[in-house]
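Written out below as structure tokens is the structure these notes cover.
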Amino acid sequence: MKKNIALIPGDGIGPDVVAEAVKVLDAVAKKYGHEFTYQNVVAGGAAIDAFGKPLPQEQLDICLKSDATLLGAVGGPKWDDVAPEIRPEKALLGLRGGMKVYANLRPAVMWPQLKDACPLKDEIVGEGLDILVVRELTGGIYFGDRGTSSDGRTAWDTEKYTWAEIERIVRMGFEFAQKRQKKLAVVDKANILNSSRLWRKVAEEVHKEYKDVELSFLYIDNAAMQLVRNPRQFDVIATSNMFGDILTDEASQITGSIGMLASASLGAGGPGLYEPIHGTAPDIAGKDIANPLATILSAAMLLRYSFKLEAEAKAIEDAVNAVLNEGYRTVDIAGKNAESLKAAGKLVGTKKMGELVVSQINA
């Protein structure tokens, strides 16, 4: 198989972690007889510095012509004072809207080797925590009408959803739930928001086609509480853009480290967008400290969902599991054992962690 992948290293630690993911993809390609080619895309703060805007059209066009896009991270304090309309984060909204990737899949998986990094008690977390959040990505308050009054004393952001926007998300939630534990929770704020009441109406209608799936509804505040009170009750969660953004960051801490969580953004047949859910961490950029595993696992999702290469995707996940089994850790997942791991030669940097995963794939 020959495929072209657009690479957006971005800002901060983005270039560090994307470089390791490319090494892993190359190892997979060599082992399984594929050919992956890459084309670099400049977006985020790097694009502001180079072009004066976070996502020039010609850079977006490279992503649209690719078979899939792998993103590191964008943003950082360097660009805090730029005009709101050209902030680095606008690159993310431009990519999502331009690529028409409307569904963001964010798995929150508790790797058993990292259970000690979880802040919750063992009896709460239990074994095998595995939650999938399906987040709506191109609608809602992030894309709604917004503005600021001429005197600067009033500002507004509008939450708006159509039936079709909601239906494609909850339908995807039901599809994934059917393949898992057959439980779907729709998270909203239907006691207050009209848009949330529409989410419930759509979910109830679509549920008629998936009667084998248990459907439940939770208000966002209760869902946030339940995630730390009893996370094992969840299987698949479908929710709006902003609520999904909040819940997945919370879920990342339950599983031990945001440095382990991958994501996939999918649309209706076009190229997918894959990225770790962590930020740019500019304070450690270029220091060989960052954890590349979330980006490497995002590459596995790329192989699974865009290229339909399940064996290759699982090979990456198995390699990560093997490296963790051998006791290797980056500093963010070392926890209280950092000093002993360092003494044993098991505390590793970004590049070494990537090399270890490659070695496991080759083995």
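Identifiers in this document derive from the order of the structure tokens: chains are assigned A, B, ..., residues are numbered from 1 separately in each chain, and ligands are numbered from 1 in order of occurrence.
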*Contacts of Asp26 of chain A at 12 Å (only C-alpha atoms; same-chain gap of 4+ positions) as JSON, numbers by chain*: {"A": [3, 5, 19, 20, 21, 22, 30, 31, 32, 33, 34, 35, 36, 37, 38, 296, 299, 312, 316, 354, 355, 357, 358, 359, 361, 362]}
Just asking: which residues within segment 61-293 of chain A are alpha helix (DSSP H) according to DSSP, as a VMD selection string?
-> chain A and resid 61 to 65 90 to 99 122 to 125 163 to 179 194 to 207 220 to 229 241 to 254 293
- Message: I'd like the neighbourhood of Arg168 of chain A as an MDAnalysis selection string, where a residue qualifies if any of its atoms comes within 12 Å (using only C-alpha atoms), though same-chain residues fewer than 3 positions away should be ignored.
- Response: chainID A and resid 101:104 134:139 161:165 171:175 199 202:203 206 238:240 266:268
Once you have the residues from the selection above, write them out as a short mmCIF file (atom, residue, chain, number, x, y, z; two decimals), in the first residue's frame, restricted to N, CA, C and O atoms.
```
data_model
loop_
_atom_site.label_atom_id
_atom_site.label_comp_id
_atom_site.auth_asym_id
_atom_site.auth_seq_id
_atom_site.Cartn_x
_atom_site.Cartn_y
_atom_site.Cartn_z
N VAL A 101 -13.97 17.20 9.16
CA VAL A 101 -13.90 16.09 10.11
C VAL A 101 -14.79 16.45 11.31
O VAL A 101 -14.42 17.24 12.15
N TYR A 102 -15.96 15.87 11.33
CA TYR A 102 -16.97 16.31 12.28
C TYR A 102 -17.04 15.48 13.56
O TYR A 102 -17.73 15.84 14.50
N ALA A 103 -16.35 14.34 13.59
CA ALA A 103 -16.42 13.46 14.77
C ALA A 103 -15.02 13.24 15.32
O ALA A 103 -14.13 12.79 14.60
N ASN A 104 -14.84 13.54 16.59
CA ASN A 104 -13.56 13.36 17.26
C ASN A 104 -13.65 12.16 18.20
O ASN A 104 -14.46 12.14 19.12
N VAL A 134 -17.05 10.19 21.87
CA VAL A 134 -17.29 10.65 20.51
C VAL A 134 -17.77 12.09 20.61
O VAL A 134 -18.90 12.36 21.02
N ARG A 135 -16.89 13.00 20.27
CA ARG A 135 -17.14 14.44 20.43
C ARG A 135 -17.49 15.08 19.10
O ARG A 135 -16.78 14.91 18.11
N GLU A 136 -18.58 15.83 19.06
CA GLU A 136 -18.91 16.61 17.87
C GLU A 136 -17.85 17.69 17.71
O GLU A 136 -17.44 18.31 18.67
N LEU A 137 -17.41 17.94 16.47
CA LEU A 137 -16.19 18.72 16.29
C LEU A 137 -16.32 19.98 15.45
O LEU A 137 -15.45 20.84 15.52
N THR A 138 -17.36 20.12 14.66
CA THR A 138 -17.42 21.26 13.75
C THR A 138 -18.66 22.13 13.95
O THR A 138 -19.00 22.93 13.09
N GLY A 139 -19.32 21.97 15.07
CA GLY A 139 -20.50 22.78 15.35
C GLY A 139 -20.48 23.28 16.78
O GLY A 139 -19.47 23.28 17.46
N TYR A 161 -27.01 23.92 16.99
CA TYR A 161 -26.87 22.61 16.37
C TYR A 161 -28.07 22.31 15.49
O TYR A 161 -29.20 22.70 15.80
N THR A 162 -27.81 21.59 14.40
CA THR A 162 -28.89 21.10 13.54
C THR A 162 -29.11 19.61 13.82
O THR A 162 -28.24 18.94 14.39
N TRP A 163 -30.26 19.13 13.42
CA TRP A 163 -30.57 17.71 13.58
C TRP A 163 -29.50 16.85 12.91
O TRP A 163 -29.02 15.87 13.48
N ALA A 164 -29.11 17.22 11.69
CA ALA A 164 -28.15 16.41 10.93
C ALA A 164 -26.79 16.36 11.63
O ALA A 164 -26.13 15.31 11.65
N GLU A 165 -26.35 17.49 12.19
CA GLU A 165 -25.06 17.52 12.89
C GLU A 165 -25.06 16.58 14.09
O GLU A 165 -24.08 15.90 14.36
N ARG A 171 -25.21 8.58 15.94
CA ARG A 171 -25.20 7.34 15.17
C ARG A 171 -23.83 6.67 15.25
O ARG A 171 -23.73 5.46 15.43
N MET A 172 -22.78 7.47 15.16
CA MET A 172 -21.44 6.92 15.31
C MET A 172 -21.26 6.35 16.72
O MET A 172 -20.65 5.30 16.91
N GLY A 173 -21.81 7.04 17.71
CA GLY A 173 -21.75 6.54 19.08
C GLY A 173 -22.42 5.18 19.21
O GLY A 173 -21.88 4.26 19.85
N PHE A 174 -23.59 5.04 18.62
CA PHE A 174 -24.30 3.75 18.65
C PHE A 174 -23.50 2.67 17.93
O PHE A 174 -23.43 1.52 18.40
N GLU A 175 -22.89 3.02 16.79
CA GLU A 175 -22.12 2.03 16.03
C GLU A 175 -20.95 1.50 16.86
O GLU A 175 -20.70 0.28 16.89
N TRP A 199 -30.46 17.43 21.20
CA TRP A 199 -29.58 16.25 21.27
C TRP A 199 -30.36 15.05 21.80
O TRP A 199 -30.24 13.94 21.26
N VAL A 202 -32.95 13.75 19.15
CA VAL A 202 -32.29 13.03 18.05
C VAL A 202 -31.82 11.66 18.53
O VAL A 202 -32.01 10.64 17.85
N ALA A 203 -31.19 11.62 19.70
CA ALA A 203 -30.67 10.35 20.23
C ALA A 203 -31.78 9.33 20.42
O ALA A 203 -31.62 8.14 20.11
N VAL A 206 -32.79 8.01 16.91
CA VAL A 206 -31.80 7.11 16.33
C VAL A 206 -31.74 5.80 17.11
O VAL A 206 -31.48 4.73 16.54
N ALA A 238 -21.27 10.13 23.85
CA ALA A 238 -21.44 11.04 22.71
C ALA A 238 -21.86 12.40 23.25
O ALA A 238 -22.78 12.48 24.08
N THR A 239 -21.23 13.44 22.76
CA THR A 239 -21.53 14.75 23.33
C THR A 239 -21.12 15.87 22.39
O THR A 239 -20.52 15.64 21.34
N SER A 240 -21.43 17.08 22.79
CA SER A 240 -21.19 18.26 21.96
C SER A 240 -19.72 18.67 21.98
O SER A 240 -18.90 18.12 22.72
N LEU A 266 -12.68 12.32 12.31
CA LEU A 266 -13.12 11.67 11.07
C LEU A 266 -14.31 12.41 10.47
O LEU A 266 -15.09 13.04 11.18
N GLY A 267 -14.43 12.29 9.15
CA GLY A 267 -15.56 12.87 8.45
C GLY A 267 -16.24 11.84 7.59
O GLY A 267 -16.23 10.65 7.88
N ALA A 268 -16.79 12.31 6.48
CA ALA A 268 -17.54 11.41 5.60
C ALA A 268 -16.68 11.02 4.41
O ALA A 268 -16.94 11.40 3.27
#
```
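Closest approach to Asp81 of chain A among A:Leu247, A:Leu227, A:Gly45, A:Ile124: A:Gly45, based on only C-alpha atoms.
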If DSSP is run on the backbone, what residues of segment 19-138 of chain A are strand (DSSP E or B)? A reply as a PyMOL selection string would be ideal.
chain A and resi 35-40+68-73+101-109+130-136
Margin query: Could you check the closest approach to Gly98 of chain A for each of A:Asp122, A:Asp61, A:Asp332, A:Asp145 and tell me which residue wins, using only C-alpha atoms?
Written below: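 For Gly98 of chain A, the nearest of the candidates is A:Asp61.
Among A:Ala155, A:Gly272, A:Lys65, A:Gly76, the residue with the shortest atom-to-atom distance to Phe307 of chain A, counting only C-alpha atoms, is A:Gly272.
Coordinates place atom CA of Ala108 of chain A at a distance of 16.7 Å from atom CA of Asp318 of chain A.
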Margin query: Using only C-alpha atoms, which protein or nucleic acid residues come within 10 Å of segment 49-53 of chain A? Drop anything in the same chain fewer than 2 positions from it, and give the result as JSON, numbers by chain.
Written below: {"A": [42, 43, 44, 45, 46, 47, 55, 56, 57, 79, 85, 86, 87, 88, 90, 91]}
Set the distance at 12 Å and use only C-alpha atoms: which residues neighbour segment 191-194 of chain A once local chain neighbours fewer than 6 positions away are removed? I'd like the list as a PDB file with N, CA, C and O atoms, in the first residue's frame.
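Okay, result-v7.pdb is ready:
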```
ATOM      1  N   GLY A 140     -21.637  23.701  17.257  1.00  0.00           N
ATOM      2  CA  GLY A 140     -21.746  24.143  18.637  1.00  0.00           C
ATOM      3  C   GLY A 140     -21.144  25.512  18.883  1.00  0.00           C
ATOM      4  O   GLY A 140     -20.925  26.305  17.969  1.00  0.00           O
ATOM      5  N   ILE A 141     -20.836  25.781  20.125  1.00  0.00           N
ATOM      6  CA  ILE A 141     -20.433  27.117  20.549  1.00  0.00           C
ATOM      7  C   ILE A 141     -19.086  27.536  19.966  1.00  0.00           C
ATOM      8  O   ILE A 141     -18.816  28.720  19.779  1.00  0.00           O
ATOM      9  N   THR A 158     -22.467  31.759  20.593  1.00  0.00           N
ATOM     10  CA  THR A 158     -23.761  31.123  20.392  1.00  0.00           C
ATOM     11  C   THR A 158     -23.624  29.622  20.166  1.00  0.00           C
ATOM     12  O   THR A 158     -22.852  29.181  19.309  1.00  0.00           O
ATOM     13  N   GLU A 159     -24.373  28.843  20.935  1.00  0.00           N
ATOM     14  CA  GLU A 159     -24.448  27.396  20.750  1.00  0.00           C
ATOM     15  C   GLU A 159     -25.586  27.093  19.789  1.00  0.00           C
ATOM     16  O   GLU A 159     -26.753  27.432  20.051  1.00  0.00           O
ATOM     17  N   LYS A 160     -25.264  26.441  18.676  1.00  0.00           N
ATOM     18  CA  LYS A 160     -26.280  26.126  17.675  1.00  0.00           C
ATOM     19  C   LYS A 160     -25.989  24.759  17.084  1.00  0.00           C
ATOM     20  O   LYS A 160     -24.849  24.470  16.718  1.00  0.00           O
ATOM     21  N   TYR A 161     -27.009  23.921  16.994  1.00  0.00           N
ATOM     22  CA  TYR A 161     -26.873  22.605  16.372  1.00  0.00           C
ATOM     23  C   TYR A 161     -28.071  22.312  15.486  1.00  0.00           C
ATOM     24  O   TYR A 161     -29.205  22.696  15.801  1.00  0.00           O
ATOM     25  N   THR A 162     -27.811  21.593  14.400  1.00  0.00           N
ATOM     26  CA  THR A 162     -28.888  21.099  13.544  1.00  0.00           C
ATOM     27  C   THR A 162     -29.110  19.614  13.825  1.00  0.00           C
ATOM     28  O   THR A 162     -28.240  18.935  14.385  1.00  0.00           O
ATOM     29  N   ARG A 200     -31.150  15.252  22.838  1.00  0.00           N
ATOM     30  CA  ARG A 200     -31.912  14.126  23.410  1.00  0.00           C
ATOM     31  C   ARG A 200     -32.961  13.608  22.422  1.00  0.00           C
ATOM     32  O   ARG A 200     -33.143  12.392  22.269  1.00  0.00           O
ATOM     33  N   LYS A 201     -33.629  14.524  21.755  1.00  0.00           N
ATOM     34  CA  LYS A 201     -34.674  14.114  20.816  1.00  0.00           C
ATOM     35  C   LYS A 201     -34.077  13.296  19.678  1.00  0.00           C
ATOM     36  O   LYS A 201     -34.618  12.245  19.289  1.00  0.00           O
ATOM     37  N   PHE A 217     -28.863   9.270  29.468  1.00  0.00           N
ATOM     38  CA  PHE A 217     -28.569  10.696  29.342  1.00  0.00           C
ATOM     39  C   PHE A 217     -28.039  11.214  30.673  1.00  0.00           C
ATOM     40  O   PHE A 217     -28.550  10.858  31.736  1.00  0.00           O
ATOM     41  N   LEU A 218     -27.034  12.082  30.594  1.00  0.00           N
ATOM     42  CA  LEU A 218     -26.485  12.715  31.790  1.00  0.00           C
ATOM     43  C   LEU A 218     -26.253  14.191  31.505  1.00  0.00           C
ATOM     44  O   LEU A 218     -25.797  14.561  30.417  1.00  0.00           O
ATOM     45  N   TYR A 219     -26.564  15.028  32.509  1.00  0.00           N
ATOM     46  CA  TYR A 219     -26.179  16.429  32.419  1.00  0.00           C
ATOM     47  C   TYR A 219     -24.659  16.519  32.539  1.00  0.00           C
ATOM     48  O   TYR A 219     -24.032  15.718  33.227  1.00  0.00           O
ATOM     49  N   ILE A 220     -24.070  17.508  31.909  1.00  0.00           N
ATOM     50  CA  ILE A 220     -22.623  17.632  31.872  1.00  0.00           C
ATOM     51  C   ILE A 220     -22.011  17.722  33.274  1.00  0.00           C
ATOM     52  O   ILE A 220     -20.965  17.121  33.540  1.00  0.00           O
ATOM     53  N   ASP A 221     -22.650  18.432  34.188  1.00  0.00           N
ATOM     54  CA  ASP A 221     -22.087  18.552  35.535  1.00  0.00           C
ATOM     55  C   ASP A 221     -22.110  17.213  36.255  1.00  0.00           C
ATOM     56  O   ASP A 221     -21.136  16.832  36.928  1.00  0.00           O
TER      57      ASP A 221
END
```
Exercise for review: Give the answer as one residue: which of A:Val213, A:Leu356, A:Val186, A:Ala6 has the shortest atom-to-atom distance to Leu198 of chain A, using only C-alpha atoms?
Suggested key: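 Checking each of A:Val213, A:Leu356, A:Val186, A:Ala6 against Leu198 of chain A, counting only C-alpha atoms, the winner is A:Val186.
Here atom CA of Lys2 of chain A and atom CA of Gly269 of chain A stand 17.8 Å from one another.
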Among A:Met110, A:Ala281, A:Ile246, A:Ala319, Lys78 of chain A is approached most closely, using only C-alpha atoms, by A:Ala281
Report, in Å to a single decimal, how far apart atom CA of Met353 of chain A and atom CA of Arg304 of chain A are.
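Answer for the atom CA of Arg304 of chain A to atom CA of Met353 of chain A separation: 22.0 Å.
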